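J.: Next up is a structure, given as structure tokens.
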4 protein chains.
Amino acid sequence: MYNLLKGKKGIIFGALNDKSLAWKIAERAYEEGAEIILTNTPVSMRFGDIETLAEKCNTIVIPADATSEKDLQNLIEKALEHFGTKIDFILHSVAMSMNVRKGLLYDNVNYNFYQKTIDISALSFHKVLQTAKKLDAINEWGSVVALSYIAAQRTLYGYNDMADAKSLLESIARSFGYIYGRKKKIRVNTISQSPTMTTAGSGVKGMEGLMDFTERLSPLGNATSDECADYCITLFSDLTKKVTMQNLYHDGGFSNMGMSLRAMKMYNKSLEKPIDDDVLVS
Amino acid sequence: MYNLLKGKKGIIFGALNDKSLAWKIAERAYEEGAEIILTNTPVSMRFGDIETLAEKCNTIVIPADATSEKDLQNLIEKALEHFGTKIDFILHSVAMSMNVRKGLLYDNVNYNFYQKTIDISALSFHKVLQTAKKLDAINEWGSVVALSYIAAQRTLYGYNDMADAKSLLESIARSFGYIYGRKKKIRVNTISQSPTMTTAGSGVKGMEGLMDFTERLSPLGNATSDECADYCITLFSDLTKKVTMQNLYHDGGFSNMGMSLRAMKMYNKSLEKPIDDDVLVS
Amino acid sequence: MYNLLKGKKGIIFGALNDKSLAWKIAERAYEEGAEIILTNTPVSMRFGDIETLAEKCNTIVIPADATSEKDLQNLIEKALEHFGTKIDFILHSVAMSMNVRKGLLYDNVNYNFYQKTIDISALSFHKVLQTAKKLDAINEWGSVVALSYIAAQRTLYGYNDMADAKSLLESIARSFGYIYGRKKKIRVNTISQSPTMTTAGSGVKGMEGLMDFTERLSPLGNATSDECADYCITLFSDLTKKVTMQNLYHDGGFSNMGMSLRAMKMYNKSLEKPIDDDVLVS
Amino acid sequence: MYNLLKGKKGIIFGALNDKSLAWKIAERAYEEGAEIILTNTPVSMRFGDIETLAEKCNTIVIPADATSEKDLQNLIEKALEHFGTKIDFILHSVAMSMNVRKGLLYDNVNYNFYQKTIDISALSFHKVLQTAKKLDAINEWGSVVALSYIAAQRTLYGYNDMADAKSLLESIARSFGYIYGRKKKIRVNTISQSPTMTTAGSGVKGMEGLMDFTERLSPLGNATSDECADYCITLFSDLTKKVTMQNLYHDGGFSNMGMSLRAMKMYNKSLEKPIDDDVLVS
């Protein structure tokens with residue numbers, strides 16, 4: 001609508017289906033004049049709908065396991081070839097926890113799963129950055145964004161080892177942001193997005209109650225996927241050149257709220273009919 | 001019980017009655033071997049019970065309006081005289097908002113009241129520090145603590161201009177902590193305490209619901225006044241000499257929680273009987 | 001260049017001359033299709049060049065002392081009249097410290113000056129917001145931005161009571177952001193900008209050394225005024241609707257740096273010729 | 001000296017020699033009346049001097065690789081047996097990066113080494129906590145502390161993947177602190193200590209220049225190992241029962257400083273003889 005990304009080239013990780021944040025971001029980037037390439041793991045490609053998105057965005061999908069240096073190298077080389085020029089932005093929206101999937105609580109994690117969570121959800125971001133840098137694949141003043149969540153700062157029951165992975169992800173954004181900024185003028189940031197009813201999100205136990213609470217606590221309500229895409233566009237654009245190493249809350253104000261009138265009123269309702277605390281087991 | 005403050009001298013601002021945080025801190029400091037002097041405004045002295053505390057702690061009360069440089073100078077000079085030596089620690093527990101008292105909402109504050117809130121609840125801390133420094137009243141490695149609240153970082157409806165005052169208070173702790181540390185090896189910190197049912201706290205609208213929520217959100221529950229006193233003692237002791245310019249959360253973990261199972265269960269109860277949002281007026 | 005603010009109306013506080021951040025922001029807002037009104041105090045108008053800017057932006061100047069509720073009411077009423085419609089954004093770039101001007105150090109401040117610093121540099125922001133809200137002057141999804149500085153979080157010698165004022169300013173953005181978001185869907189944020197050689201900045205003692213240090217510590221270097229204007233435009237635009245109550249660092253990465261190679265190399269140079277610490281008096 | 005830990009039992013990880021933070025903490029815990037057990041990896045035991053410490057503290061060493069669940073289970077079972085009762089506190093001071101040792105820069109890390117850094121320096125903390133919890137080895141109101149560093153928040157060149165590991169470590173403290181607090185009233189915190197000339201620290205390139213800078217930036221100067229031990233004692237004591245999930249800066253004020261007069265004066269010295277920036281390669 002504004003041509004904010006006119007002439008820019010980018011790679012979008014993690015679009016599964018039209019509920020994905022990455023999906024919306026890809027669409028918006030395309031609308032704003034960018035050329036993009038999509039990527040996801042082969043297994044995600046089977047379960048999702050990414051080819052539909054590729055068609056809409058008039059582009060191709062290059063499969064890659066974001067934990068594999070070899071796959072990433074292939075992806076970026078192919079992207080450079082496809083575009084015939086360096087790229088300008090990357091979106092990282094990749095996360096998975098087998099401990100969460102298997103219902104293993106945080107005080108009973110399987111450490112192989114934990115290492116896998118870290119590898120997929122955080123270390124993959126370092127691998128993307130390191131590979132891109134080694135191939136000198138990003139133009140000066142390029143922009144790299146990863147999607148995060150406030151569990152990186154504040155504990156939410158049930159979020160499990162994903163919370164630790166998000167902390168690590170944000171640390172990688174800082175650490176690599178320093179290097180990539182100093183050497184290549186490239187910025188690296190994370191967006192800390194409201195809880196969102198993506199396919200991944202809808203699998204989280206108690207997601208609905210949590211989203212009701214965050215909706216009422218946030219003065220502007222939860223941020224939607226479409227709004228996240230809009231925000232992400234500003235970070236890919238030339239208007240945010242000196243923003244780097246930041247974790248940027250896109251959450252309707254949630255992160256700086258202690259208690260709102262609306263959430264408190266709702267909470268107080270339940271004070272009138274106390275629950276049996278002995279039932280609380282986990 | 002441990003003689004942690006043996007031989008130390010201190011001034012305690014803000015004890016009103018036995019529900020006050022400052023009251024408990026005075027008692028604990030005395031127990032730990034400190035000699036203390038109590039102070040409060042003349043009007044607070046009338047409404048409260050500070051003489052009882054003075055008796056228990058075998059000491060005197062010197063009235064002072066903490067917003068008056070003249071009163072503060074008199075207080076500190078008298079304290080130096082009384083002790084016959086410099087002092088080692090100061091507790092600042094002083095806060096008041098006329099906007100809160102008069103029920104003026106944050107989008108309808110009276111600016112004279114606002115300035116008064118700032119003067120009493122934050123600027124008074126600067127005045128205490130500046131006066132003490134001018135009189136060279138504190139020994140090297142002395143410790144100054146002010147009591148704060150997480151509203152300084154996160155908005156809680158109804159906390160009004162006190163939130164801004166607490167932010168300013170914490171900034172003053174940093175700004176003066178730098179100066180006082182560099183020049184005199186004196187440390188300045190704030191404790192960010194759980195909501196507490198003091199006389200001031202019990203006047204806050206909706207305090208009970210909030211305390212139920214924070215109790216359930218905090219893994220260790222709300223911190224009590226007695227526990228606050230214990231913690232404060234460690235900050236006055238010689239064991240924390242290099243802790244300065246910090247805001248230290250003493251809150252059972254609340255500050256780093258997003259959502260607990262216990263709070264969520266309670267909240268979810270009320271989802272079953274939705275409230276009428278139109279009723280929400282403020 | 002992108003028509004990001006097409007059709008939007010705004011008020012810009014604090015443009016003095018072409019070195020001012022507010023000046024650049026006004027120009028960029030105009031370029032992006034906004035209609036704006038400029039304002040400053042009568043005395044600043046005399047010393048500065050604001051009429052030149054008004055001409056460039058094809059608009060008018062309405063004088064107002066930002067500490068005066070009456071002036072603010074007049075300003076906003078005139079603006080509504082001028083535009084014939086509600087406004088969409090406000091920039092607050094107002095700060096002054098008599099303690100700094102008079103060279104009074106932070107442990108020797110004049111408290112009348114201190115209250116003045118607070119009133120001009122922080123409370124004025126509340127007054128703008130409260131006045132705008134009372135007049136229902138801002139459209140839904142409007143955006144209000146104030147300019148801040150990292151001294152709000154970390155002490156920089158010489159920044160004096162301005163550090164405290166910036167902390168308070170950011171707290172006001174949170175506190176009012178909650179209210180204005182909940183009631184009117186309006187967002188309120190602060191931008192924490194790199195040190196900048198504005199007319200105000202160039203008056204700060206030791207500014208050049210500090211800017212050399214921050215330039216070398218920040219992986220992308222200090223953010224310029226032009227870049228600040230670009231960033232501010234994104235916050236006024238419809239692409240950041242769910243960003244509120246935030247303090248957003250626009251500083252080339254400075255805020256998340258501990259030590260860079262470049263700054264350390266420079267620092268180490270001086271280790272070879274140690275200075276006489278006794279000379280350090282303030 | 002105060003009997004603050006009288007009757008308490010604890011396990012200390014990571015004492016190598018008398019420069020170690022863990023060494024000082026062990027000595028101080030013993031002085032304060034605690035019974036302790038020491039542990040380290042077999043290889044560290046060979047290179048270090050831990051038996052000397054065991055003798056001074058009248059205790060035993062139980063070797064354990066902190067990344068091995070089996071070793072940790074054995075350690076804690078032996079400790080329970082040795083004490084004949086549950087334990088009250090644990091210190092985790094364990095960190096190692098092969099990328100740092102091998103001089104691999106952060107944009108050229110070996111990912112096996114990276115996973116190893118994570119496993120040793122962060123995940124080991126989770127393993128200690130999970131094992132202790134499964135064995136129900138810690139008394140109610142027990143205290144677990146891990147040593148961290150400000151690189152978790154702010155990038156310091158050369159600190160490499162250790163920065164990411166410290167971020168993860170602090171996240172684990174929060175995540176497990178929630179669980180352990182809720183279920184067993186046990187608190188979990190990290191201390192973010194000044195840079196210290198331990199055996200590990202002295203291996204860091206450019207450590208001396210950095211320590212000169214942090215010494216001059218911190219109003220109280222760098223915190224020493226002895227002071228760290230003192231501070232740690234307060235966290236093991238009963239006086240800090242409601243402090244949990246926190247990262248506590250013990251750094252002479254460094255963490256909240258932007259620029260001090262002393263550091264700036266030193267820095268400015270070098271401005272007089274500019275260095276050749278082309279030399280900066282890394």
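Identifiers in this document derive from the order of the structure tokens: chains are assigned A, B, ..., residues are numbered from 1 separately in each chain, and ligands are numbered from 1 in order of occurrence.
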I'd like the neighbourhood of Lys102 (chain B) as a PyMOL selection string, where a residue qualifies if any of its atoms comes within 12 Å (using only C-alpha atoms), though same-chain residues fewer than 5 positions away should be ignored.

T.: chain B and resi 96-97+108-110+113-114+160+203-204

J.: Store the residues picked out above in a file with N, CA, C and O atoms, as a short mmCIF file (atom, residue, chain, number, x, y, z; two decimals), in the first residue's frame.

T.:
```cif
data_model
loop_
_atom_site.label_atom_id
_atom_site.label_comp_id
_atom_site.auth_asym_id
_atom_site.auth_seq_id
_atom_site.Cartn_x
_atom_site.Cartn_y
_atom_site.Cartn_z
N MET B 96 2.64 9.92 49.53
CA MET B 96 1.28 10.42 49.69
C MET B 96 0.80 11.05 48.39
O MET B 96 1.57 11.72 47.71
N SER B 97 -0.44 10.79 48.03
CA SER B 97 -1.01 11.42 46.84
C SER B 97 -2.38 11.98 47.17
O SER B 97 -3.31 11.25 47.52
N ASN B 108 -7.52 13.16 35.05
CA ASN B 108 -8.18 14.36 35.57
C ASN B 108 -7.48 14.85 36.83
O ASN B 108 -8.09 15.32 37.77
N VAL B 109 -6.16 14.73 36.86
CA VAL B 109 -5.44 15.11 38.07
C VAL B 109 -5.44 16.62 38.26
O VAL B 109 -5.59 17.39 37.31
N ASN B 110 -5.28 16.99 39.52
CA ASN B 110 -5.02 18.37 39.87
C ASN B 110 -3.50 18.52 39.91
O ASN B 110 -2.81 17.76 40.60
N PHE B 113 -1.79 19.07 43.24
CA PHE B 113 -1.70 17.80 43.96
C PHE B 113 -0.57 16.94 43.38
O PHE B 113 0.19 16.30 44.10
N TYR B 114 -0.50 16.93 42.05
CA TYR B 114 0.54 16.11 41.40
C TYR B 114 1.93 16.55 41.85
O TYR B 114 2.78 15.73 42.23
N ASN B 160 -2.47 5.59 39.99
CA ASN B 160 -2.47 7.03 39.71
C ASN B 160 -1.08 7.65 39.69
O ASN B 160 -0.13 7.00 39.24
N GLY B 203 -6.07 1.77 52.17
CA GLY B 203 -6.91 2.82 51.62
C GLY B 203 -7.07 2.72 50.11
O GLY B 203 -7.95 3.35 49.53
N VAL B 204 -6.23 1.92 49.47
CA VAL B 204 -6.29 1.81 48.01
C VAL B 204 -7.50 0.98 47.58
O VAL B 204 -7.70 -0.13 48.04
#
```

J.: For chain D, report every residue with an atom at most 6 Å from chain B (counting only C-alpha atoms), formatted as a PyMOL selection string.

T.: chain D and resi 2+178+181-182+185+219-220+223+230-231+239-240+242-245+250+252-253

J.: Could you save the residues just selected, with C-alpha atoms, as a PDB file, in the first residue's frame?

T.:
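Output contents, as saved in result.pdb:
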```pdb
ATOM      1  CA  TYR D   2      27.105 -13.709  62.313  1.00  0.00           C
ATOM      2  CA  TYR D 178       8.345 -20.493  39.491  1.00  0.00           C
ATOM      3  CA  GLY D 181       8.646 -21.813  44.559  1.00  0.00           C
ATOM      4  CA  ARG D 182       5.086 -22.872  43.995  1.00  0.00           C
ATOM      5  CA  LYS D 185       8.801 -22.827  48.692  1.00  0.00           C
ATOM      6  CA  PRO D 219      30.656   4.345  41.502  1.00  0.00           C
ATOM      7  CA  LEU D 220      31.778   1.823  44.124  1.00  0.00           C
ATOM      8  CA  ALA D 223      32.933  -6.019  43.415  1.00  0.00           C
ATOM      9  CA  ASP D 230      29.281 -11.913  51.516  1.00  0.00           C
ATOM     10  CA  TYR D 231      26.392 -11.109  49.234  1.00  0.00           C
ATOM     11  CA  LEU D 239      16.564 -12.991  55.649  1.00  0.00           C
ATOM     12  CA  THR D 240      15.761 -13.122  51.937  1.00  0.00           C
ATOM     13  CA  LYS D 242      10.737 -13.859  49.430  1.00  0.00           C
ATOM     14  CA  VAL D 243      13.417 -12.969  46.878  1.00  0.00           C
ATOM     15  CA  THR D 244      13.094 -15.343  43.954  1.00  0.00           C
ATOM     16  CA  MET D 245      13.371 -15.503  40.141  1.00  0.00           C
ATOM     17  CA  HIS D 250      26.459  -7.179  42.500  1.00  0.00           C
ATOM     18  CA  GLY D 252      29.308  -1.536  42.396  1.00  0.00           C
ATOM     19  CA  GLY D 253      26.551   0.113  40.378  1.00  0.00           C
TER      20      GLY D 253
END
```

J.: Figure out the distance between CA of Phe213 (chain B) and CA of Ala173 (chain B), please, to one decimal in Å.

T.: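 Answer for the CA of Ala173 (chain B) to CA of Phe213 (chain B) separation: 29.0 Å.
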
J.: Between C:Val61, C:Leu105, C:Val128, C:Val145, which has the minimum distance to Phe236 (chain C) (counting only C-alpha atoms)?

T.: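 Of C:Val61, C:Leu105, C:Val128, C:Val145, the one nearest Phe236 (chain C) is C:Val145, counting only C-alpha atoms.
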
J.: Would you list, as a PDB file with N, CA and C atoms, in the first residue's frame, the residues of region 3-225 of chain C that end up in strand (DSSP E) under DSSP run on this structure's backbone?

T.:
```
ATOM      1  N   LYS C   9      -3.406  14.575  10.643  1.00  0.00           N
ATOM      2  CA  LYS C   9      -3.149  15.899  11.197  1.00  0.00           C
ATOM      3  C   LYS C   9      -2.367  15.746  12.510  1.00  0.00           C
ATOM      4  N   GLY C  10      -1.402  16.632  12.709  1.00  0.00           N
ATOM      5  CA  GLY C  10      -0.620  16.502  13.933  1.00  0.00           C
ATOM      6  C   GLY C  10      -0.140  17.821  14.503  1.00  0.00           C
ATOM      7  N   ILE C  11       0.263  17.767  15.753  1.00  0.00           N
ATOM      8  CA  ILE C  11       0.852  18.939  16.416  1.00  0.00           C
ATOM      9  C   ILE C  11       2.281  18.581  16.832  1.00  0.00           C
ATOM     10  N   ILE C  12       3.208  19.469  16.500  1.00  0.00           N
ATOM     11  CA  ILE C  12       4.622  19.238  16.815  1.00  0.00           C
ATOM     12  C   ILE C  12       5.092  20.270  17.835  1.00  0.00           C
ATOM     13  N   PHE C  13       5.467  19.788  19.008  1.00  0.00           N
ATOM     14  CA  PHE C  13       6.033  20.662  20.044  1.00  0.00           C
ATOM     15  C   PHE C  13       7.567  20.661  19.955  1.00  0.00           C
ATOM     16  N   GLU C  35      -0.716  17.012   7.555  1.00  0.00           N
ATOM     17  CA  GLU C  35      -0.824  18.439   7.865  1.00  0.00           C
ATOM     18  C   GLU C  35      -0.440  18.625   9.317  1.00  0.00           C
ATOM     19  N   ILE C  36       0.387  19.617   9.577  1.00  0.00           N
ATOM     20  CA  ILE C  36       0.821  19.799  10.960  1.00  0.00           C
ATOM     21  C   ILE C  36       0.630  21.233  11.424  1.00  0.00           C
ATOM     22  N   ILE C  37       0.635  21.360  12.743  1.00  0.00           N
ATOM     23  CA  ILE C  37       0.700  22.684  13.355  1.00  0.00           C
ATOM     24  C   ILE C  37       1.918  22.677  14.273  1.00  0.00           C
ATOM     25  N   LEU C  38       2.646  23.788  14.274  1.00  0.00           N
ATOM     26  CA  LEU C  38       3.842  23.884  15.111  1.00  0.00           C
ATOM     27  C   LEU C  38       3.537  24.688  16.364  1.00  0.00           C
ATOM     28  N   THR C  39       4.240  24.344  17.428  1.00  0.00           N
ATOM     29  CA  THR C  39       4.099  25.157  18.633  1.00  0.00           C
ATOM     30  C   THR C  39       5.395  25.189  19.413  1.00  0.00           C
ATOM     31  N   ILE C  87      -7.282  15.533  15.583  1.00  0.00           N
ATOM     32  CA  ILE C  87      -5.901  15.295  15.179  1.00  0.00           C
ATOM     33  C   ILE C  87      -5.554  13.811  15.334  1.00  0.00           C
ATOM     34  N   ASP C  88      -4.414  13.434  14.745  1.00  0.00           N
ATOM     35  CA  ASP C  88      -4.004  12.026  14.714  1.00  0.00           C
ATOM     36  C   ASP C  88      -2.707  11.754  15.465  1.00  0.00           C
ATOM     37  N   PHE C  89      -1.886  12.794  15.576  1.00  0.00           N
ATOM     38  CA  PHE C  89      -0.614  12.550  16.287  1.00  0.00           C
ATOM     39  C   PHE C  89      -0.089  13.820  16.935  1.00  0.00           C
ATOM     40  N   ILE C  90       0.722  13.609  17.952  1.00  0.00           N
ATOM     41  CA  ILE C  90       1.385  14.706  18.667  1.00  0.00           C
ATOM     42  C   ILE C  90       2.826  14.297  18.920  1.00  0.00           C
ATOM     43  N   LEU C  91       3.740  15.228  18.705  1.00  0.00           N
ATOM     44  CA  LEU C  91       5.124  15.027  19.133  1.00  0.00           C
ATOM     45  C   LEU C  91       5.441  15.968  20.280  1.00  0.00           C
ATOM     46  N   HIS C  92       5.985  15.421  21.352  1.00  0.00           N
ATOM     47  CA  HIS C  92       6.425  16.210  22.503  1.00  0.00           C
ATOM     48  C   HIS C  92       7.946  16.165  22.558  1.00  0.00           C
ATOM     49  N   ILE C 138      -8.207  13.794  19.867  1.00  0.00           N
ATOM     50  CA  ILE C 138      -7.421  12.855  19.051  1.00  0.00           C
ATOM     51  C   ILE C 138      -8.320  11.739  18.536  1.00  0.00           C
ATOM     52  N   ASN C 139      -8.172  11.430  17.258  1.00  0.00           N
ATOM     53  CA  ASN C 139      -8.920  10.332  16.666  1.00  0.00           C
ATOM     54  C   ASN C 139      -8.523   8.983  17.269  1.00  0.00           C
ATOM     55  N   GLU C 140      -9.431   8.020  17.207  1.00  0.00           N
ATOM     56  CA  GLU C 140      -9.097   6.646  17.578  1.00  0.00           C
ATOM     57  C   GLU C 140      -7.872   6.201  16.803  1.00  0.00           C
ATOM     58  N   TRP C 141      -7.036   5.432  17.428  1.00  0.00           N
ATOM     59  CA  TRP C 141      -5.792   4.925  16.842  1.00  0.00           C
ATOM     60  C   TRP C 141      -4.789   6.022  16.539  1.00  0.00           C
ATOM     61  N   GLY C 142      -5.006   7.177  17.185  1.00  0.00           N
ATOM     62  CA  GLY C 142      -3.993   8.219  17.129  1.00  0.00           C
ATOM     63  C   GLY C 142      -2.731   7.807  17.873  1.00  0.00           C
ATOM     64  N   SER C 143      -1.686   8.626  17.715  1.00  0.00           N
ATOM     65  CA  SER C 143      -0.378   8.261  18.254  1.00  0.00           C
ATOM     66  C   SER C 143       0.306   9.466  18.873  1.00  0.00           C
ATOM     67  N   VAL C 144       0.768   9.309  20.109  1.00  0.00           N
ATOM     68  CA  VAL C 144       1.467  10.391  20.785  1.00  0.00           C
ATOM     69  C   VAL C 144       2.871   9.909  21.135  1.00  0.00           C
ATOM     70  N   VAL C 145       3.873  10.713  20.785  1.00  0.00           N
ATOM     71  CA  VAL C 145       5.269  10.335  21.011  1.00  0.00           C
ATOM     72  C   VAL C 145       5.982  11.453  21.760  1.00  0.00           C
ATOM     73  N   ALA C 146       6.779  11.074  22.754  1.00  0.00           N
ATOM     74  CA  ALA C 146       7.667  12.042  23.405  1.00  0.00           C
ATOM     75  C   ALA C 146       9.104  11.571  23.231  1.00  0.00           C
ATOM     76  N   LEU C 147      10.009  12.520  23.150  1.00  0.00           N
ATOM     77  CA  LEU C 147      11.420  12.155  22.982  1.00  0.00           C
ATOM     78  C   LEU C 147      12.103  12.026  24.338  1.00  0.00           C
ATOM     79  N   SER C 148      12.806  10.912  24.509  1.00  0.00           N
ATOM     80  CA  SER C 148      13.476  10.654  25.773  1.00  0.00           C
ATOM     81  C   SER C 148      14.948  10.331  25.539  1.00  0.00           C
ATOM     82  N   THR C 155      22.661   6.177  34.613  1.00  0.00           N
ATOM     83  CA  THR C 155      23.177   7.477  35.010  1.00  0.00           C
ATOM     84  C   THR C 155      24.360   7.895  34.147  1.00  0.00           C
ATOM     85  N   LEU C 156      24.276   9.100  33.626  1.00  0.00           N
ATOM     86  CA  LEU C 156      25.397   9.715  32.909  1.00  0.00           C
ATOM     87  C   LEU C 156      25.777  10.973  33.675  1.00  0.00           C
ATOM     88  N   ARG C 187      -2.432   5.441  21.282  1.00  0.00           N
ATOM     89  CA  ARG C 187      -1.186   4.912  21.827  1.00  0.00           C
ATOM     90  C   ARG C 187      -0.232   6.027  22.225  1.00  0.00           C
ATOM     91  N   VAL C 188       0.574   5.745  23.238  1.00  0.00           N
ATOM     92  CA  VAL C 188       1.509   6.725  23.793  1.00  0.00           C
ATOM     93  C   VAL C 188       2.849   6.033  23.991  1.00  0.00           C
ATOM     94  N   ASN C 189       3.897   6.558  23.372  1.00  0.00           N
ATOM     95  CA  ASN C 189       5.220   5.958  23.475  1.00  0.00           C
ATOM     96  C   ASN C 189       6.294   7.019  23.610  1.00  0.00           C
ATOM     97  N   THR C 190       7.476   6.594  24.023  1.00  0.00           N
ATOM     98  CA  THR C 190       8.634   7.483  23.994  1.00  0.00           C
ATOM     99  C   THR C 190       9.708   6.867  23.105  1.00  0.00           C
ATOM    100  N   ILE C 191      10.447   7.726  22.424  1.00  0.00           N
ATOM    101  CA  ILE C 191      11.626   7.293  21.670  1.00  0.00           C
ATOM    102  C   ILE C 191      12.856   7.711  22.476  1.00  0.00           C
ATOM    103  N   SER C 192      13.708   6.738  22.747  1.00  0.00           N
ATOM    104  CA  SER C 192      14.949   7.024  23.463  1.00  0.00           C
ATOM    105  C   SER C 192      16.058   7.144  22.425  1.00  0.00           C
ATOM    106  N   GLN C 193      16.360   8.380  22.091  1.00  0.00           N
ATOM    107  CA  GLN C 193      17.215   8.715  20.944  1.00  0.00           C
ATOM    108  C   GLN C 193      18.686   8.802  21.378  1.00  0.00           C
TER     109      GLN C 193
END
```

J.: Find the distance between CA of Asn99 (chain C) and CA of Ser171 (chain C) and write it in Å to one decimal.

T.: 21.9 Å

J.: Quick one: everything within 7 Å of region 116-124 of chain B, counting only C-alpha atoms, minus sequence neighbours fewer than 2 positions away in the same chain. Send it as a list of chain:residue names.

T.: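 Skipping anything fewer than 2 positions along the chain leaves B:Ala66, B:Thr67, B:Val94, B:Ala95, B:Met96, B:Ser97, B:Met98, B:Asn112, B:Phe113, B:Tyr114, B:His126, B:Lys127, B:Val128, B:Met162, B:Ala165, B:Lys166, B:Leu168, B:Leu169.
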
J.: Restrict the selected residues to C-alpha atoms and save them as a short mmCIF file (atom, residue, chain, number, x, y, z; two decimals), in the first residue's frame.

T.:
```
data_model
loop_
_atom_site.label_atom_id
_atom_site.label_comp_id
_atom_site.auth_asym_id
_atom_site.auth_seq_id
_atom_site.Cartn_x
_atom_site.Cartn_y
_atom_site.Cartn_z
CA ALA B 66 10.60 15.38 54.66
CA THR B 67 9.86 18.01 52.03
CA VAL B 94 7.35 8.31 52.65
CA ALA B 95 4.55 8.60 50.11
CA MET B 96 1.28 10.42 49.69
CA SER B 97 -1.01 11.42 46.84
CA MET B 98 -3.81 13.91 47.22
CA ASN B 112 -0.92 21.17 42.41
CA PHE B 113 -1.70 17.80 43.96
CA TYR B 114 0.54 16.11 41.40
CA HIS B 126 16.64 13.67 47.11
CA LYS B 127 16.36 16.23 49.88
CA VAL B 128 17.28 13.65 52.51
CA MET B 162 1.97 7.43 42.79
CA ALA B 165 6.37 9.24 41.83
CA LYS B 166 7.84 5.76 42.35
CA LEU B 168 11.04 9.21 39.91
CA LEU B 169 12.06 7.86 43.32
#
```

J.: Separation of CA of Ala137 (chain C) and CA of Gln73 (chain C), in Å?

T.: 10.3 Å
